[in-house]
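Here's the structure we're looking at; comments come further down.
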Amino acid sequence: KNEVEQSPQNLTAQEGEFITINCSYSVGISALHWLQQHPGGGIVSLFMLSSGKKKHGRLIATINIQEKHSSLHITASHPRDSAVYICAADQSGNQFYFGTGTSLTVIP
Amino acid sequence: NAGVTQTPKFQVLKTGQSMTLQCAQDMNHNSMYWYRQDPGMGLRLIYYSASEGTTDKGEVPNGYNVSRLNKREFSLRLESAAPSQTSVYFCASRGTGDFYGYTFGSGTRLTVV
């Protein structure tokens with residue numbers, strides 16, 4: 001049983017397209033994190049959110065606590081956005097459940 | 001540059017050998033973590049330290065030990081490496097306050113043969 005499910009697992013898009021990655025979780029959380037892992041392996045924290053919506057450049061993250069669902073949107077996608085995007089449910093500050101990631105490839 | 005420094009980046013061990021993965025952060029974070037990442041699986045927590053002097057087991061602690069030497073450093077030790085410990089290991093730290101996000105190290109790719 002996976003506490004965090006992401007969809008899709010793999011996504012290929014044309015440059016400029018609007019992209020949505022979904023995350024559903026089954027546990028109670030204090031926050032939801034979105035991480036980005038580049039092909040070289042490094043992991044960067046993109047967002048931490050506990051309600052509503054956050055925006056950083058072309059990235060937007062939303063969360064619906066009642067539905068236990070979060071989405072990560074990328075507007076005007078670019079090849080440099082190609083990476084694995086990981087959703088993580090923060091249950092208690094030190095107990096996290098990670099999704100297996102969505103591999104995004106943006107084609108020029 | 002501020003961040004999490006993790007060494008080594010690559011390591012090959014023979015079954016039964018021991019090694020220590022080093023991690024240091026210079027952001028004055030209280031919490032530090034060791035994760036492993038395996039193909040097709042999410043990051044899994046091995047051990048964490050909520051503050052200097054404390055450590056706690058995560059989801060997959062068997063075969064590992066940790067030391068929180070001081071606030072900056074959190075090391076992971078494999079006493080007798082096994083092929084099942086072949087993985088990519090990430091150290092991370094986390095602060096408190098408005099930005100309650102993670103900072104990750106660059107990872108250690110460990111192969112046990």
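Every chain in the structure tokens has a letter given in the order shown (A, B, ...), and although residue numbers restart at 1 in each chain, ligands are simply numbered from 1 in the order shown.
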
Can you pull out every residue within 8 Å of region 91-97 of chain B, counting only C-alpha atoms, but drop anything in the same chain fewer than 2 positions away, and send it as a count of residues only?
22

Any idea what's packed within 9 Å of region 93-100 of chain A, counting only C-alpha atoms, ignoring anything in its chain fewer than 3 positions away? Could you give it as a JSON list (two decimals) with all heavy atoms, in the first residue's frame?
[["chain", "number", "residue", "atom", "x", "y", "z"],
["A", 2, "ASN", "N", 0.67, 2.12, -0.95],
["A", 2, "ASN", "CA", 1.43, 3.35, -1.02],
["A", 2, "ASN", "C", 0.62, 4.48, -0.44],
["A", 2, "ASN", "O", -0.52, 4.73, -0.85],
["A", 2, "ASN", "CB", 1.79, 3.65, -2.48],
["A", 2, "ASN", "CG", 2.77, 2.63, -3.03],
["A", 2, "ASN", "OD1", 3.59, 2.10, -2.31],
["A", 2, "ASN", "ND2", 2.67, 2.36, -4.31],
["A", 3, "GLU", "N", 1.21, 5.15, 0.51],
["A", 3, "GLU", "CA", 0.53, 6.27, 1.13],
["A", 3, "GLU", "C", 0.44, 7.47, 0.19],
["A", 3, "GLU", "O", -0.41, 8.34, 0.37],
["A", 3, "GLU", "CB", 1.25, 6.68, 2.42],
["A", 3, "GLU", "CG", 1.09, 5.69, 3.57],
["A", 3, "GLU", "CD", 2.04, 4.52, 3.50],
["A", 3, "GLU", "OE1", 2.84, 4.46, 2.53],
["A", 3, "GLU", "OE2", 2.00, 3.65, 4.38],
["A", 4, "VAL", "N", 1.36, 7.53, -0.77],
["A", 4, "VAL", "CA", 1.38, 8.63, -1.73],
["A", 4, "VAL", "C", 1.42, 8.06, -3.14],
["A", 4, "VAL", "O", 2.27, 7.23, -3.45],
["A", 4, "VAL", "CB", 2.62, 9.54, -1.50],
["A", 4, "VAL", "CG1", 2.69, 10.62, -2.57],
["A", 4, "VAL", "CG2", 2.58, 10.16, -0.11],
["A", 5, "GLU", "N", 0.49, 8.49, -3.95],
["A", 5, "GLU", "CA", 0.43, 8.04, -5.34],
["A", 5, "GLU", "C", 0.55, 9.25, -6.25],
["A", 5, "GLU", "O", -0.13, 10.25, -6.06],
["A", 5, "GLU", "CB", -0.90, 7.33, -5.61],
["A", 5, "GLU", "CG", -1.15, 6.09, -4.79],
["A", 5, "GLU", "CD", -0.46, 4.85, -5.36],
["A", 5, "GLU", "OE1", 0.21, 4.98, -6.41],
["A", 5, "GLU", "OE2", -0.58, 3.78, -4.76],
["A", 6, "GLN", "N", 1.42, 9.10, -7.25],
["A", 6, "GLN", "CA", 1.57, 10.17, -8.23],
["A", 6, "GLN", "C", 1.12, 9.70, -9.59],
["A", 6, "GLN", "O", 1.26, 8.54, -9.95],
["A", 6, "GLN", "CB", 3.04, 10.60, -8.33],
["A", 6, "GLN", "CG", 3.52, 11.42, -7.18],
["A", 6, "GLN", "CD", 4.95, 11.88, -7.38],
["A", 6, "GLN", "OE1", 5.82, 11.58, -6.58],
["A", 6, "GLN", "NE2", 5.21, 12.63, -8.45],
["A", 9, "GLN", "N", 3.15, 8.47, -14.25],
["A", 9, "GLN", "CA", 4.51, 8.06, -13.90],
["A", 9, "GLN", "C", 5.52, 8.67, -14.86],
["A", 9, "GLN", "O", 6.63, 9.02, -14.48],
["A", 9, "GLN", "CB", 4.64, 6.53, -13.96],
["A", 9, "GLN", "CG", 4.04, 5.82, -12.78],
["A", 9, "GLN", "CD", 4.40, 4.35, -12.77],
["A", 9, "GLN", "OE1", 4.27, 3.68, -13.79],
["A", 9, "GLN", "NE2", 4.84, 3.86, -11.64],
["A", 23, "CYS", "N", -0.86, 14.36, -7.35],
["A", 23, "CYS", "CA", -0.41, 13.63, -6.17],
["A", 23, "CYS", "C", -1.61, 13.42, -5.25],
["A", 23, "CYS", "O", -2.28, 14.39, -4.89],
["A", 23, "CYS", "CB", 0.67, 14.43, -5.46],
["A", 23, "CYS", "SG", 1.22, 13.75, -3.89],
["A", 25, "TYR", "N", -2.78, 11.42, -1.59],
["A", 25, "TYR", "CA", -2.20, 10.82, -0.39],
["A", 25, "TYR", "C", -3.31, 10.32, 0.52],
["A", 25, "TYR", "O", -4.44, 10.80, 0.46],
["A", 25, "TYR", "CB", -1.29, 11.82, 0.33],
["A", 25, "TYR", "CG", -1.94, 13.14, 0.66],
["A", 25, "TYR", "CD1", -2.57, 13.34, 1.88],
["A", 25, "TYR", "CD2", -1.92, 14.18, -0.26],
["A", 25, "TYR", "CE1", -3.16, 14.54, 2.18],
["A", 25, "TYR", "CE2", -2.53, 15.39, 0.03],
["A", 25, "TYR", "CZ", -3.15, 15.57, 1.25],
["A", 25, "TYR", "OH", -3.75, 16.77, 1.54],
["A", 27, "VAL", "N", -2.76, 9.69, 4.03],
["A", 27, "VAL", "CA", -2.50, 9.93, 5.44],
["A", 27, "VAL", "C", -2.82, 11.38, 5.78],
["A", 27, "VAL", "O", -2.84, 12.25, 4.90],
["A", 27, "VAL", "CB", -1.02, 9.64, 5.78],
["A", 27, "VAL", "CG1", -0.72, 8.16, 5.60],
["A", 27, "VAL", "CG2", -0.06, 10.48, 4.93],
["A", 30, "SER", "N", 0.62, 17.46, 7.82],
["A", 30, "SER", "CA", 0.78, 18.85, 8.22],
["A", 30, "SER", "C", 1.22, 19.70, 7.03],
["A", 30, "SER", "O", 1.04, 20.91, 7.03],
["A", 30, "SER", "CB", 1.80, 18.96, 9.35],
["A", 30, "SER", "OG", 3.04, 18.41, 8.94],
["A", 31, "ALA", "N", 1.82, 19.07, 6.03],
["A", 31, "ALA", "CA", 2.25, 19.78, 4.83],
["A", 31, "ALA", "C", 2.52, 18.80, 3.70],
["A", 31, "ALA", "O", 2.69, 17.60, 3.93],
["A", 31, "ALA", "CB", 3.51, 20.61, 5.11],
["A", 85, "TYR", "N", 9.78, 14.67, -10.79],
["A", 85, "TYR", "CA", 9.10, 15.48, -9.79],
["A", 85, "TYR", "C", 8.51, 14.54, -8.75],
["A", 85, "TYR", "O", 7.78, 13.60, -9.07],
["A", 85, "TYR", "CB", 8.03, 16.35, -10.44],
["A", 85, "TYR", "CG", 8.66, 17.41, -11.32],
["A", 85, "TYR", "CD1", 9.01, 17.11, -12.64],
["A", 85, "TYR", "CD2", 8.95, 18.68, -10.82],
["A", 85, "TYR", "CE1", 9.64, 18.06, -13.43],
["A", 85, "TYR", "CE2", 9.57, 19.62, -11.62],
["A", 85, "TYR", "CZ", 9.91, 19.31, -12.92],
["A", 85, "TYR", "OH", 10.53, 20.25, -13.72],
["A", 86, "ILE", "N", 8.83, 14.82, -7.50],
["A", 86, "ILE", "CA", 8.47, 13.93, -6.39],
["A", 86, "ILE", "C", 7.57, 14.67, -5.42],
["A", 86, "ILE", "O", 7.87, 15.80, -5.02],
["A", 86, "ILE", "CB", 9.73, 13.44, -5.66],
["A", 86, "ILE", "CG1", 10.66, 12.68, -6.62],
["A", 86, "ILE", "CG2", 9.37, 12.56, -4.47],
["A", 86, "ILE", "CD1", 12.05, 12.41, -6.04],
["A", 87, "CYS", "N", 6.51, 14.00, -5.04],
["A", 87, "CYS", "CA", 5.58, 14.53, -4.04],
["A", 87, "CYS", "C", 5.86, 13.83, -2.71],
["A", 87, "CYS", "O", 6.13, 12.62, -2.70],
["A", 87, "CYS", "CB", 4.16, 14.22, -4.55],
["A", 87, "CYS", "SG", 2.85, 14.37, -3.37],
["A", 88, "ALA", "N", 5.82, 14.57, -1.63],
["A", 88, "ALA", "CA", 6.08, 13.97, -0.32],
["A", 88, "ALA", "C", 5.06, 14.48, 0.70],
["A", 88, "ALA", "O", 4.88, 15.70, 0.84],
["A", 88, "ALA", "CB", 7.49, 14.29, 0.15],
["A", 89, "ALA", "N", 4.42, 13.55, 1.40],
["A", 89, "ALA", "CA", 3.45, 13.90, 2.43],
["A", 89, "ALA", "C", 4.16, 13.99, 3.77],
["A", 89, "ALA", "O", 4.80, 13.03, 4.20],
["A", 89, "ALA", "CB", 2.34, 12.85, 2.48],
["A", 90, "ASP", "N", 4.06, 15.13, 4.39],
["A", 90, "ASP", "CA", 4.72, 15.42, 5.66],
["A", 90, "ASP", "C", 3.73, 15.17, 6.78],
["A", 90, "ASP", "O", 2.82, 15.98, 7.00],
["A", 90, "ASP", "CB", 5.20, 16.87, 5.63],
["A", 90, "ASP", "CG", 5.91, 17.30, 6.89],
["A", 90, "ASP", "OD1", 5.90, 16.56, 7.89],
["A", 90, "ASP", "OD2", 6.47, 18.41, 6.86],
["B", 31, "SER", "N", 17.26, 19.59, 12.17],
["B", 31, "SER", "CA", 16.91, 18.24, 11.74],
["B", 31, "SER", "C", 17.76, 17.80, 10.56],
["B", 31, "SER", "O", 17.96, 18.55, 9.61],
["B", 31, "SER", "CB", 15.43, 18.17, 11.35],
["B", 31, "SER", "OG", 14.61, 18.51, 12.43],
["B", 33, "TYR", "N", 18.64, 14.09, 8.05],
["B", 33, "TYR", "CA", 18.02, 12.84, 7.61],
["B", 33, "TYR", "C", 18.97, 12.07, 6.69],
["B", 33, "TYR", "O", 19.75, 12.67, 5.95],
["B", 33, "TYR", "CB", 16.74, 13.13, 6.82],
["B", 33, "TYR", "CG", 15.76, 14.03, 7.51],
["B", 33, "TYR", "CD1", 15.92, 15.41, 7.48],
["B", 33, "TYR", "CD2", 14.67, 13.50, 8.20],
["B", 33, "TYR", "CE1", 15.02, 16.24, 8.13],
["B", 33, "TYR", "CE2", 13.77, 14.33, 8.84],
["B", 33, "TYR", "CZ", 13.95, 15.71, 8.80],
["B", 33, "TYR", "OH", 13.06, 16.53, 9.44],
["B", 39, "PRO", "N", 15.49, 2.13, -7.47],
["B", 39, "PRO", "CA", 14.65, 2.23, -8.68],
["B", 39, "PRO", "C", 13.22, 1.78, -8.42],
["B", 39, "PRO", "O", 12.98, 0.74, -7.80],
["B", 39, "PRO", "CB", 15.37, 1.29, -9.66],
["B", 39, "PRO", "CG", 16.78, 1.26, -9.19],
["B", 39, "PRO", "CD", 16.72, 1.36, -7.70],
["B", 40, "GLY", "N", 12.26, 2.58, -8.87],
["B", 40, "GLY", "CA", 10.85, 2.21, -8.74],
["B", 40, "GLY", "C", 10.27, 2.43, -7.36],
["B", 40, "GLY", "O", 9.10, 2.13, -7.12],
["B", 41, "MET", "N", 11.07, 2.94, -6.45],
["B", 41, "MET", "CA", 10.59, 3.18, -5.09],
["B", 41, "MET", "C", 10.84, 4.63, -4.73],
["B", 41, "MET", "O", 11.76, 5.27, -5.23],
["B", 41, "MET", "CB", 11.30, 2.27, -4.09],
["B", 41, "MET", "CG", 11.21, 0.80, -4.44],
["B", 41, "MET", "SD", 11.91, -0.24, -3.17],
["B", 41, "MET", "CE", 10.62, -0.17, -1.96],
["B", 42, "GLY", "N", 10.01, 5.13, -3.86],
["B", 42, "GLY", "CA", 10.24, 6.48, -3.37],
["B", 42, "GLY", "C", 11.41, 6.52, -2.41],
["B", 42, "GLY", "O", 11.93, 5.49, -1.98],
["B", 43, "LEU", "N", 11.82, 7.70, -2.08],
["B", 43, "LEU", "CA", 12.84, 7.86, -1.05],
["B", 43, "LEU", "C", 12.37, 7.20, 0.25],
["B", 43, "LEU", "O", 11.21, 7.37, 0.64],
["B", 43, "LEU", "CB", 13.10, 9.35, -0.79],
["B", 43, "LEU", "CG", 13.84, 10.09, -1.90],
["B", 43, "LEU", "CD1", 13.57, 11.59, -1.81],
["B", 43, "LEU", "CD2", 15.33, 9.82, -1.79],
["B", 44, "ARG", "N", 13.24, 6.48, 0.88],
["B", 44, "ARG", "CA", 12.88, 5.83, 2.15],
["B", 44, "ARG", "C", 13.83, 6.28, 3.24],
["B", 44, "ARG", "O", 15.04, 6.31, 3.06],
["B", 44, "ARG", "CB", 12.92, 4.31, 1.98],
["B", 44, "ARG", "CG", 11.82, 3.77, 1.08],
["B", 44, "ARG", "CD", 11.85, 2.25, 1.03],
["B", 44, "ARG", "NE", 13.05, 1.74, 0.38],
["B", 44, "ARG", "CZ", 13.43, 0.48, 0.41],
["B", 44, "ARG", "NH1", 12.71, -0.42, 1.08],
["B", 44, "ARG", "NH2", 14.52, 0.09, -0.22],
["B", 45, "LEU", "N", 13.25, 6.62, 4.37],
["B", 45, "LEU", "CA", 14.02, 7.16, 5.48],
["B", 45, "LEU", "C", 14.74, 6.06, 6.22],
["B", 45, "LEU", "O", 14.14, 5.08, 6.65],
["B", 45, "LEU", "CB", 13.07, 7.91, 6.43],
["B", 45, "LEU", "CG", 13.70, 8.58, 7.64],
["B", 45, "LEU", "CD1", 14.64, 9.69, 7.20],
["B", 45, "LEU", "CD2", 12.60, 9.14, 8.55],
["B", 48, "TYR", "N", 16.93, 9.47, 11.21],
["B", 48, "TYR", "CA", 16.91, 10.92, 11.27],
["B", 48, "TYR", "C", 17.36, 11.39, 12.65],
["B", 48, "TYR", "O", 17.41, 10.62, 13.61],
["B", 48, "TYR", "CB", 15.52, 11.48, 10.92],
["B", 48, "TYR", "CG", 14.43, 11.21, 11.94],
["B", 48, "TYR", "CD1", 14.12, 12.13, 12.93],
["B", 48, "TYR", "CD2", 13.70, 10.02, 11.88],
["B", 48, "TYR", "CE1", 13.11, 11.89, 13.84],
["B", 48, "TYR", "CE2", 12.70, 9.77, 12.80],
["B", 48, "TYR", "CZ", 12.40, 10.70, 13.77],
["B", 48, "TYR", "OH", 11.40, 10.46, 14.67],
["B", 49, "SER", "N", 17.69, 12.68, 12.69],
["B", 49, "SER", "CA", 18.10, 13.30, 13.94],
["B", 49, "SER", "C", 17.36, 14.62, 14.04],
["B", 49, "SER", "O", 17.57, 15.53, 13.24],
["B", 49, "SER", "CB", 19.62, 13.54, 13.94],
["B", 49, "SER", "OG", 19.99, 14.35, 15.03],
["B", 50, "ALA", "N", 16.49, 14.72, 15.03],
["B", 50, "ALA", "CA", 15.68, 15.93, 15.18],
["B", 50, "ALA", "C", 16.47, 17.07, 15.81],
["B", 50, "ALA", "O", 16.10, 18.24, 15.66],
["B", 50, "ALA", "CB", 14.44, 15.63, 16.01],
["B", 58, "GLY", "N", 14.17, 5.28, 11.10],
["B", 58, "GLY", "CA", 13.14, 5.53, 10.10],
["B", 58, "GLY", "C", 12.52, 4.25, 9.63],
["B", 58, "GLY", "O", 12.38, 3.29, 10.40]]

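Of the listed residues (B:Arg68, B:Gly3, B:Pro8, B:Thr86), B:Gly3 comes nearest to chain A; the distances count only C-alpha atoms.
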
- [ ] Can you work out which one of A:Ala83, A:Ile19, A:Ile29, A:Leu104 has the shortest atom-to-atom distance to Gln66 (chain A), counting only C-alpha atoms?
- [x]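 Nearest to Gln66 (chain A): A:Ile29.
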
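Residues within 8 Å of region 50-52 of chain A, counting only C-alpha atoms and excluding same-chain residues fewer than 2 positions away, are A:Ser30, A:Ala31, A:Leu32, A:Met48, A:Lys54, A:Thr62, A:Ile63, A:Asn64, A:Ile65.
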
* Tell me, as a list in words, which residues lie within 8 Å of Gln85 (chain B), counting only C-alpha atoms; anything in the same chain fewer than 6 positions away does not count. => Leu110, Thr111 and Val112 of chain B

Non-local contacts of Thr12 (chain A) (10 Å; only C-alpha atoms; under 6 positions in same chain excluded) as a list in words: Ile19, Ser82, Ser103, Leu104, Thr105, Val106 and Ile107 of chain A

TODO: Skip Pro8 (chain A) itself and residues of its chain fewer than 2 positions away, then list as a VMD selection string all residues within 8 Å of it, counting only C-alpha atoms.
DONE: chain A and resid 6 10 to 11 21 to 22 102

The residue from A:Gly16, A:Pro39, A:Pro79, A:Gly101 with the smallest atom-to-atom distance to chain B, counting only C-alpha atoms, is A:Gly101

Strand (DSSP E or B) call set, DSSP backbone run, region 74-106 of chain A, as an NGL selection string: :A and (74 or 83-90 or 96-98 or 102-106)

Computed gap from CA of His33 (chain A) to CA of Lys57 (chain B) is 21.5 Å

Which is closer to Ser18 (chain B) than all the others in B:Val113, B:Leu78, B:Leu69, B:Val60, using only C-alpha atoms?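 Looking only at the distances to Ser18 (chain B), the closest residue turns out to be B:Leu78.
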
Tell me which protein, DNA and RNA residues are within 9 Å of Asn65 (chain B), counting only C-alpha atoms, leaving out same-chain ones fewer than 2 positions away, and put them as a ChimeraX atom specification.
/B:47,61-63,67,75-79

Requested in this report: Could you jot down the CA of Phe18 (chain A) to CA of Ile60 (chain A) separation for me, Å, one decimal place?
Outcome: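 Value for the CA of Phe18 (chain A)-CA of Ile60 (chain A) distance: 11.0 Å.
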
Separating CA of Ser70 (chain A) from CA of Thr108 (chain B), to the nearest tenth of an Å, is a gap of 29.9 Å

Judged by only C-alpha atoms, the minimum distance to chain B among A:Lys53, A:His78, A:His38, A:Arg58 is found for A:His38
